[in-house]
Amino acid sequence: MTGTPEFRRYLVNIDSISTHQLFTDCVVVGAGIAGLRAAIEAGVSRSVIIVCKGSLQDSNTWKAQGGIASVLDNNDTFESHIADTIETGCGICDREVVELVVRQGPQLVEQLLAWGADFDLVDGRVAMTLEGGHSHARVAHAHGDETGQVVADTLIKKVRENPNIKVVEGFYTIDLLANKDNECIGIIGHDRRLGQQIIWATNTILATGGAGQLYRETTNPEGATADGLAMAYRADAVLRDLEFMQFHPTTLYVAGASRALITETVRGEGAVLLDSRGHRFMQQYHEAAELAPRDIVSRAILEQMLKTNSTHVYLDLRHFDKAYFAKRFPLINELCESFGIDVSRDLVPVRPSAHYMIAGVKTDTSARTSIKNLYACGEVASTGLHGANRLGSNSLLEGLVFGKTAGQAVCRHKKASIAQFKHTLIKFQVPHSDRSRLDTADVRNSLRALMWRNVGITRTAQPLIETQEIVRFWQRYVMDKIFDEPAGWECQNMLTIALLMASSAQLRQESRGVHFRSDFPHPDDKNFKKHIEIKIEK
């Protein structure tokens with residue numbers, strides 16, 4: 001399957017001879033849970049450079065509220081966690097991967113504890129809570145709803161302690177570099193202090209996170225612009241399941257404000273959903289009511305909004321003791337208070353938002369992609385764990401497992417030497433274009449509105465076709481340009497992946513997991529109980 005007609009291999013002009021260069025055994029692109037964990041593992045015996053386009057705190061991991069799903073209770077079992085994951089994945093999880101990830105969970109959580117992660121405890125044991133889709137309380141949390149920040153801080157501290165690991169913040173990775181055999185040999189990027197740089201690396205690990213910024217309504221930070229997916233696509237890697245974007249059912253809805261996540265753990269601990277008329281409605285959509293899988297809750301909310309002609313529904317948290325809630329969910333409590341919402345008296349307005357990219361760069365059980373020396377882990381990767389819908393709190397678990405796996409693979413690989421790159425010359429010139437220039441900020445805003453409207457929670461054929469036509473038009477006037485700052489490259493990456501997402505959603509003529517086609521409202525196991533893979537046609 002092909003993507004953009006305006007395709008070119010690199011987004012910028014490259015002359016490796018005249019560009020500032022660094023050398024390392026391994027470069028890790030991204031500093032969320034997967035990238036940090038990969039660097040820690042690779043740094044045991046290899047030199048590592050971590051690059052991130054913002055600071056180490058600008059990641060989805062940092063914002064994660066719920067926790068890490070893991071079998072830590074004596075009454076829980078691996079088999080139960082595996083079954084819940086596979087059921088939520090709607091038939092296309094890779095069972096080998098599910099078992100691999102689930103069975104490593106306890107030891108990796110215990111390792112975080114040993115490294116100083118301050119998980120919440122009950123009677124000396126890690127406190128566990130329930131989330132939708134889980135048959136057992138198995139979500140470990142820290143500082144109430146600050147799990148991501150606690151875990152990230154722990155890993156960052158570990159990274160800082162290792163002299164083999166160098167951290168470069170404010171580095172925007174533009175493209176993966178390849179030799180004549182299409183083996184990955186590093187990256188080219190832009191350091192906000194030093195300008196364009198090449199980092200030659202024997203191994204490259206992509207851990208760039210997701211693509212929530214493709215949508216007008218999202219829980220993701222500003223940096224989640226599909227960069228890793230786009231650069232892997234340009235490098236000829238296989239992408240998989242781009243139609244599967246998970247929408248989180250409950251994000252705070254205040255007109256004019258950005259969307260902020262309200263973790264489903266509050267529903268796991270008793271919060272209920274009410275429509276604008278004050279009626280509890282989830283029982284009519286699923287037997288598990290508020291604890292149904294995320295795709296079901298998101299669609300139910302959307303349908304109830306349409307039925308009641310409302311822009312949102314409500315979370316009812318009024319039964320919580322006010323002091324307990326403030327301690328258990330400090331971030332959410334502070335967020336609500338900042339908008340004058342007293343959770344002990346007021347209903348909390350919520351609606352779904354784009355949350356997690358189930359799709360990604362296809363990898364095997366060793367985190368290897370289809371390109372030699374290129375690994376991927378975390379949200380940017382498609383490992384086979386999630387299938388068509390991610391089970392809540394499996395994402396941080398996956399980042400730990402495959403971050404560690406990718407780092408171990410690097411340690412098994414040979415060390416870098418300047419000699420291996422000395423004769424690798426890359427010279428690339430972007431063809432001149434006389435086409436008009438579009439304002440990338442306008443294109444970006446329009447694209448996000450288009451994706452929310454046409455490639456959102458509910459999809460149908462004609463809007464998906466129209467989306468591709470509109471994106472291709474924008475591409476004609478954006479993809480042919482040379483930009484010298486991140487906003488332009490982000491726009492090019494977003495256009496690239498938006499087109500592939502819309503075309504994948506058009507191809508999957510069924511409803512499965514987070515992908516719901518109102519014109520094909522049922523699963524079609526005969527034709528679509530499989531993955532949809534995308535690669536550049538040459």
# chains A, B, ... in the order shown; residues from 1 in each chain; ligands from 1

call {"tool": "closest_atom_pairs", "arguments": {"of": "range 23-91 of chain A", "to": "range 181-197 of chain A", "cutoff": "10 Å", "atoms": "only C-alpha atoms", "output": "Markdown table"}}
result
| residue | atom | partner | partner_atom | distance |
| --- | --- | --- | --- | --- |
| A:Phe23 | CA | A:Gly186 | CA | 8.9 |
| A:Thr24 | CA | A:Gly186 | CA | 9.0 |
| A:Asp25 | CA | A:Gly186 | CA | 9.7 |
| A:Cys26 | CA | A:Gly186 | CA | 8.3 |
| A:Val27 | CA | A:Gly186 | CA | 7.1 |
| A:Val28 | CA | A:Gly186 | CA | 9.7 |
| A:Val29 | CA | A:Ile187 | CA | 8.9 |
| A:Val51 | CA | A:Asp191 | CA | 9.4 |
| A:Cys52 | CA | A:Asp191 | CA | 9.8 |
| A:Lys53 | CA | A:Asp191 | CA | 8.5 |
| A:Gly54 | CA | A:Arg192 | CA | 9.9 |

call {"tool": "write_last_selection", "arguments": {"atoms": "C-alpha atoms", "output": "PDB file, in the first residue's frame"}}
result
ATOM      1  CA  PHE A  23      29.200   8.846  17.299  1.00  0.00           C
ATOM      2  CA  THR A  24      27.671   6.280  19.642  1.00  0.00           C
ATOM      3  CA  ASP A  25      26.819   2.612  20.028  1.00  0.00           C
ATOM      4  CA  CYS A  26      23.139   3.452  20.404  1.00  0.00           C
ATOM      5  CA  VAL A  27      20.909   6.469  19.929  1.00  0.00           C
ATOM      6  CA  VAL A  28      17.500   6.428  21.623  1.00  0.00           C
ATOM      7  CA  VAL A  29      14.935   8.792  20.126  1.00  0.00           C
ATOM      8  CA  VAL A  51      17.601  12.672  22.331  1.00  0.00           C
ATOM      9  CA  CYS A  52      14.210  14.277  22.960  1.00  0.00           C
ATOM     10  CA  LYS A  53      12.657  17.269  21.259  1.00  0.00           C
ATOM     11  CA  GLY A  54      11.567  18.882  24.507  1.00  0.00           C
TER      12      GLY A  54
END

call {"tool": "closest_atom_pairs", "arguments": {"of": "range 241-298 of chain A", "to": "range 494-498 of chain A", "cutoff": "12 Å", "atoms": "only C-alpha atoms", "output": "tab-separated table"}}
result
residue	atom	partner	partner_atom	distance
A:Asp241	CA	A:Ile497	CA	11.8
A:Leu242	CA	A:Ile497	CA	8.3
A:Glu243	CA	A:Ala498	CA	9.9
A:Met245	CA	A:Ala498	CA	11.3

call {"tool": "residues_around", "arguments": {"residues": "range 204-213 of chain A", "least_positions_apart": "5", "cutoff": "6 Å", "atoms": "only C-alpha atoms", "output": "ChimeraX atom specification"}}
result
/A:26-30,35,218,220,224-226,228,354-355,357,374-380

call {"tool": "write_last_selection", "arguments": {"atoms": "C-alpha atoms", "output": "compact mmCIF listing (two decimals), in the first residue's frame"}}
result
# COMPACT_ATOMS: atom_id res chain seq x y z
CA CYS A 26 23.14 3.45 20.40
CA VAL A 27 20.91 6.47 19.93
CA VAL A 28 17.50 6.43 21.62
CA VAL A 29 14.93 8.79 20.13
CA GLY A 30 12.42 9.68 22.83
CA GLY A 35 13.08 5.13 25.76
CA THR A 218 -6.60 14.85 22.69
CA ASN A 220 -1.55 13.99 24.50
CA ALA A 224 2.81 13.78 20.05
CA THR A 225 2.86 14.55 16.32
CA ALA A 226 3.55 11.11 14.80
CA GLY A 228 8.55 8.43 14.73
CA ALA A 354 -7.83 10.84 21.24
CA HIS A 355 -5.52 9.12 23.69
CA MET A 357 -1.93 5.10 19.16
CA LEU A 374 16.48 -0.21 13.98
CA TYR A 375 14.39 -1.08 17.05
CA ALA A 376 11.11 0.38 18.29
CA CYS A 377 9.40 0.29 21.66
CA GLY A 378 6.57 1.98 23.50
CA GLU A 379 3.66 3.70 21.79
CA VAL A 380 5.48 4.12 18.47

call {"tool": "select_by_dssp", "arguments": {"residues": "range 348-408 of chain A", "states": "alpha helix (DSSP H)", "output": "list in words"}}
result
Asn394, Ser395, Leu396, Leu397, Glu398, Gly399, Leu400, Val401, Phe402, Gly403, Lys404, Thr405, Ala406, Gly407 and Gln408 of chain A

call {"tool": "closest_residue", "arguments": {"among": "A:His312, A:Gln283, A:Ala271, A:Ile198", "to": "Val343 in chain A", "atoms": "only C-alpha atoms"}}
result
A:Ala271

call {"tool": "closest_residue", "arguments": {"among": "A:Leu113, A:Ala152, A:Cys336, A:Ile92", "to": "Asp525 in chain A", "atoms": "only C-alpha atoms"}}
result
A:Ile92

call {"tool": "closest_residue", "arguments": {"among": "A:Pro221, A:Gly148, A:Gly270, A:Gly133", "to": "His286 in chain A", "atoms": "only C-alpha atoms"}}
result
A:Gly133

call {"tool": "residues_around", "arguments": {"residues": "Met282 in chain A", "least_positions_apart": "5", "cutoff": "8 Å", "atoms": "only C-alpha atoms", "output": "PDB file with C-alpha atoms, in the first residue's frame"}}
result
ATOM      1  CA  LEU A 273     -21.486   8.417  34.152  1.00  0.00           C
ATOM      2  CA  ALA A 289     -21.438  -0.478  32.666  1.00  0.00           C
ATOM      3  CA  GLU A 290     -18.739   2.114  33.476  1.00  0.00           C
ATOM      4  CA  VAL A 297     -17.560   3.519  26.801  1.00  0.00           C
ATOM      5  CA  ALA A 300     -21.693   5.001  24.364  1.00  0.00           C
TER       6      ALA A 300
END

call {"tool": "select_by_dssp", "arguments": {"residues": "range 67-208 of chain A", "states": "strand (DSSP E or B)", "output": "VMD selection string"}}
result
chain A and resid 68 to 69 119 121 to 122 125 to 126 128 to 129 139 to 140 142 165 to 169 171 to 178 184 to 191 195 to 206

call {"tool": "write_last_selection", "arguments": {"atoms": "C-alpha atoms", "output": "PDB file, in the first residue's frame"}}
result
ATOM      1  CA  ILE A  68       0.975  -0.158  35.561  1.00  0.00           C
ATOM      2  CA  ALA A  69      -1.084  -3.309  35.066  1.00  0.00           C
ATOM      3  CA  PHE A 119       4.321   3.234  44.689  1.00  0.00           C
ATOM      4  CA  LEU A 121       1.321   0.696  49.544  1.00  0.00           C
ATOM      5  CA  VAL A 122      -1.292  -1.080  51.648  1.00  0.00           C
ATOM      6  CA  ARG A 125       2.374  -4.338  49.629  1.00  0.00           C
ATOM      7  CA  VAL A 126       1.830  -2.399  46.398  1.00  0.00           C
ATOM      8  CA  MET A 128      -3.798  -2.334  43.422  1.00  0.00           C
ATOM      9  CA  THR A 129      -6.923  -0.846  41.860  1.00  0.00           C
ATOM     10  CA  VAL A 139      -3.228  -1.635  38.491  1.00  0.00           C
ATOM     11  CA  ALA A 140      -0.304  -0.416  40.597  1.00  0.00           C
ATOM     12  CA  ALA A 142       1.941   5.944  42.774  1.00  0.00           C
ATOM     13  CA  ILE A 165      24.367   7.611  28.874  1.00  0.00           C
ATOM     14  CA  LYS A 166      24.337  11.135  27.465  1.00  0.00           C
ATOM     15  CA  VAL A 167      21.057  13.083  27.369  1.00  0.00           C
ATOM     16  CA  VAL A 168      20.430  15.749  24.719  1.00  0.00           C
ATOM     17  CA  GLU A 169      17.260  17.760  25.312  1.00  0.00           C
ATOM     18  CA  PHE A 171      16.910  17.894  19.854  1.00  0.00           C
ATOM     19  CA  TYR A 172      14.329  17.387  17.096  1.00  0.00           C
ATOM     20  CA  THR A 173      14.985  14.175  15.166  1.00  0.00           C
ATOM     21  CA  ILE A 174      14.130  14.828  11.522  1.00  0.00           C
ATOM     22  CA  ASP A 175      14.949  11.511   9.843  1.00  0.00           C
ATOM     23  CA  LEU A 176      16.538   8.098  10.193  1.00  0.00           C
ATOM     24  CA  LEU A 177      19.711   7.711   8.158  1.00  0.00           C
ATOM     25  CA  ALA A 178      20.389   4.611   6.086  1.00  0.00           C
ATOM     26  CA  CYS A 184      19.822   2.184   9.801  1.00  0.00           C
ATOM     27  CA  ILE A 185      23.058   3.972  10.698  1.00  0.00           C
ATOM     28  CA  GLY A 186      21.773   6.809  12.882  1.00  0.00           C
ATOM     29  CA  ILE A 187      19.723   9.982  12.707  1.00  0.00           C
ATOM     30  CA  ILE A 188      19.808  13.549  11.464  1.00  0.00           C
ATOM     31  CA  GLY A 189      18.207  16.206  13.621  1.00  0.00           C
ATOM     32  CA  HIS A 190      18.177  19.775  14.779  1.00  0.00           C
ATOM     33  CA  ASP A 191      19.697  20.809  18.083  1.00  0.00           C
ATOM     34  CA  GLY A 195      21.657  23.531  14.579  1.00  0.00           C
ATOM     35  CA  GLN A 196      21.695  20.514  12.283  1.00  0.00           C
ATOM     36  CA  GLN A 197      23.525  17.442  13.567  1.00  0.00           C
ATOM     37  CA  ILE A 198      24.111  13.847  12.560  1.00  0.00           C
ATOM     38  CA  ILE A 199      24.371  11.151  15.213  1.00  0.00           C
ATOM     39  CA  TRP A 200      25.950   8.032  13.756  1.00  0.00           C
ATOM     40  CA  ALA A 201      24.906   4.933  15.689  1.00  0.00           C
ATOM     41  CA  THR A 202      25.392   1.199  15.356  1.00  0.00           C
ATOM     42  CA  ASN A 203      21.858   0.801  16.752  1.00  0.00           C
ATOM     43  CA  THR A 204      18.900   3.157  16.766  1.00  0.00           C
ATOM     44  CA  ILE A 205      15.897   2.792  19.084  1.00  0.00           C
ATOM     45  CA  LEU A 206      12.692   4.630  18.229  1.00  0.00           C
TER      46      LEU A 206
END

call {"tool": "atom_distance", "arguments": {"atom1": "CA of Arg259 in chain A", "atom2": "CA of Ser353 in chain A"}}
result
7.4 Å

call {"tool": "residues_around", "arguments": {"residues": "Thr405 in chain A", "least_positions_apart": "4", "cutoff": "9 Å", "atoms": "only C-alpha atoms", "output": "ChimeraX atom specification"}}
result
/A:38,41,365-367,377,400-401,409-410

call {"tool": "closest_residue", "arguments": {"among": "A:Tyr233, A:Tyr477, A:Trp62, A:Phe247", "to": "Trp452 in chain A", "atoms": "only C-alpha atoms"}}
result
A:Phe247

call {"tool": "residues_around", "arguments": {"residues": "Lys526 in chain A", "least_positions_apart": "4", "cutoff": "12 Å", "atoms": "only C-alpha atoms", "output": "ChimeraX atom specification"}}
result
/A:91,509-510,522,530

call {"tool": "residues_around", "arguments": {"residues": "Val159 in chain A", "least_positions_apart": "3", "cutoff": "10 Å", "atoms": "only C-alpha atoms", "output": "list in words"}}
result
Leu36, Arg37, Ala39, Ile40, Glu41, Gly43, Ile50, Asp153, Thr154, Leu155, Ile156, Asn162, Pro163, Asn164, Ile165, Lys166 and Val167 of chain A

call {"tool": "write_last_selection", "arguments": {"atoms": "N, CA and C atoms", "output": "CSV table (one decimal), in the first residue's frame"}}
result
chain,number,residue,atom,x,y,z
A,36,LEU,N,13.6,5.6,28.1
A,36,LEU,CA,14.4,5.6,29.3
A,36,LEU,C,14.8,4.2,29.7
A,37,ARG,N,13.9,3.3,29.7
A,37,ARG,CA,14.2,1.9,30.1
A,37,ARG,C,15.1,1.3,29.1
A,39,ALA,N,17.4,2.9,27.3
A,39,ALA,CA,18.7,3.5,27.5
A,39,ALA,C,19.4,2.9,28.7
A,40,ILE,N,18.7,2.6,29.8
A,40,ILE,CA,19.2,2.1,31.0
A,40,ILE,C,19.8,0.7,30.7
A,41,GLU,N,19.0,-0.1,30.0
A,41,GLU,CA,19.5,-1.5,29.7
A,41,GLU,C,20.7,-1.5,28.7
A,43,GLY,N,22.8,0.9,28.3
A,43,GLY,CA,23.9,1.6,29.0
A,43,GLY,C,24.7,0.7,29.9
A,50,ILE,N,20.6,9.7,24.4
A,50,ILE,CA,19.1,9.9,24.4
A,50,ILE,C,18.9,11.3,23.8
A,153,ASP,N,10.4,9.9,36.9
A,153,ASP,CA,11.4,10.5,37.7
A,153,ASP,C,12.4,9.4,38.2
A,154,THR,N,11.9,8.2,38.5
A,154,THR,CA,12.7,7.1,38.9
A,154,THR,C,13.7,6.7,37.8
A,155,LEU,N,13.2,6.6,36.6
A,155,LEU,CA,14.0,6.2,35.4
A,155,LEU,C,15.0,7.3,35.0
A,156,ILE,N,14.6,8.5,35.1
A,156,ILE,CA,15.5,9.7,34.8
A,156,ILE,C,16.6,9.7,35.8
A,162,ASN,N,24.2,7.0,35.2
A,162,ASN,CA,25.0,6.1,34.3
A,162,ASN,C,25.9,7.0,33.4
A,163,PRO,N,27.2,6.9,33.6
A,163,PRO,CA,28.2,7.7,32.8
A,163,PRO,C,28.2,7.3,31.3
A,164,ASN,N,27.6,6.1,31.0
A,164,ASN,CA,27.6,5.7,29.6
A,164,ASN,C,26.4,6.3,28.8
A,165,ILE,N,25.5,7.0,29.5
A,165,ILE,CA,24.4,7.6,28.9
A,165,ILE,C,24.5,9.1,28.9
A,166,LYS,N,24.4,9.7,27.7
A,166,LYS,CA,24.3,11.1,27.5
A,166,LYS,C,22.9,11.5,27.1
A,167,VAL,N,22.4,12.6,27.7
A,167,VAL,CA,21.1,13.1,27.4
A,167,VAL,C,21.2,14.4,26.6

call {"tool": "atom_distance", "arguments": {"atom1": "CA of Tyr314 in chain A", "atom2": "CA of Phe281 in chain A"}}
result
10.8 Å

call {"tool": "closest_residue", "arguments": {"among": "A:Asp524, A:Asp84, A:Asp15, A:Glu398", "to": "Gln429 in chain A", "atoms": "only C-alpha atoms"}}
result
A:Asp15
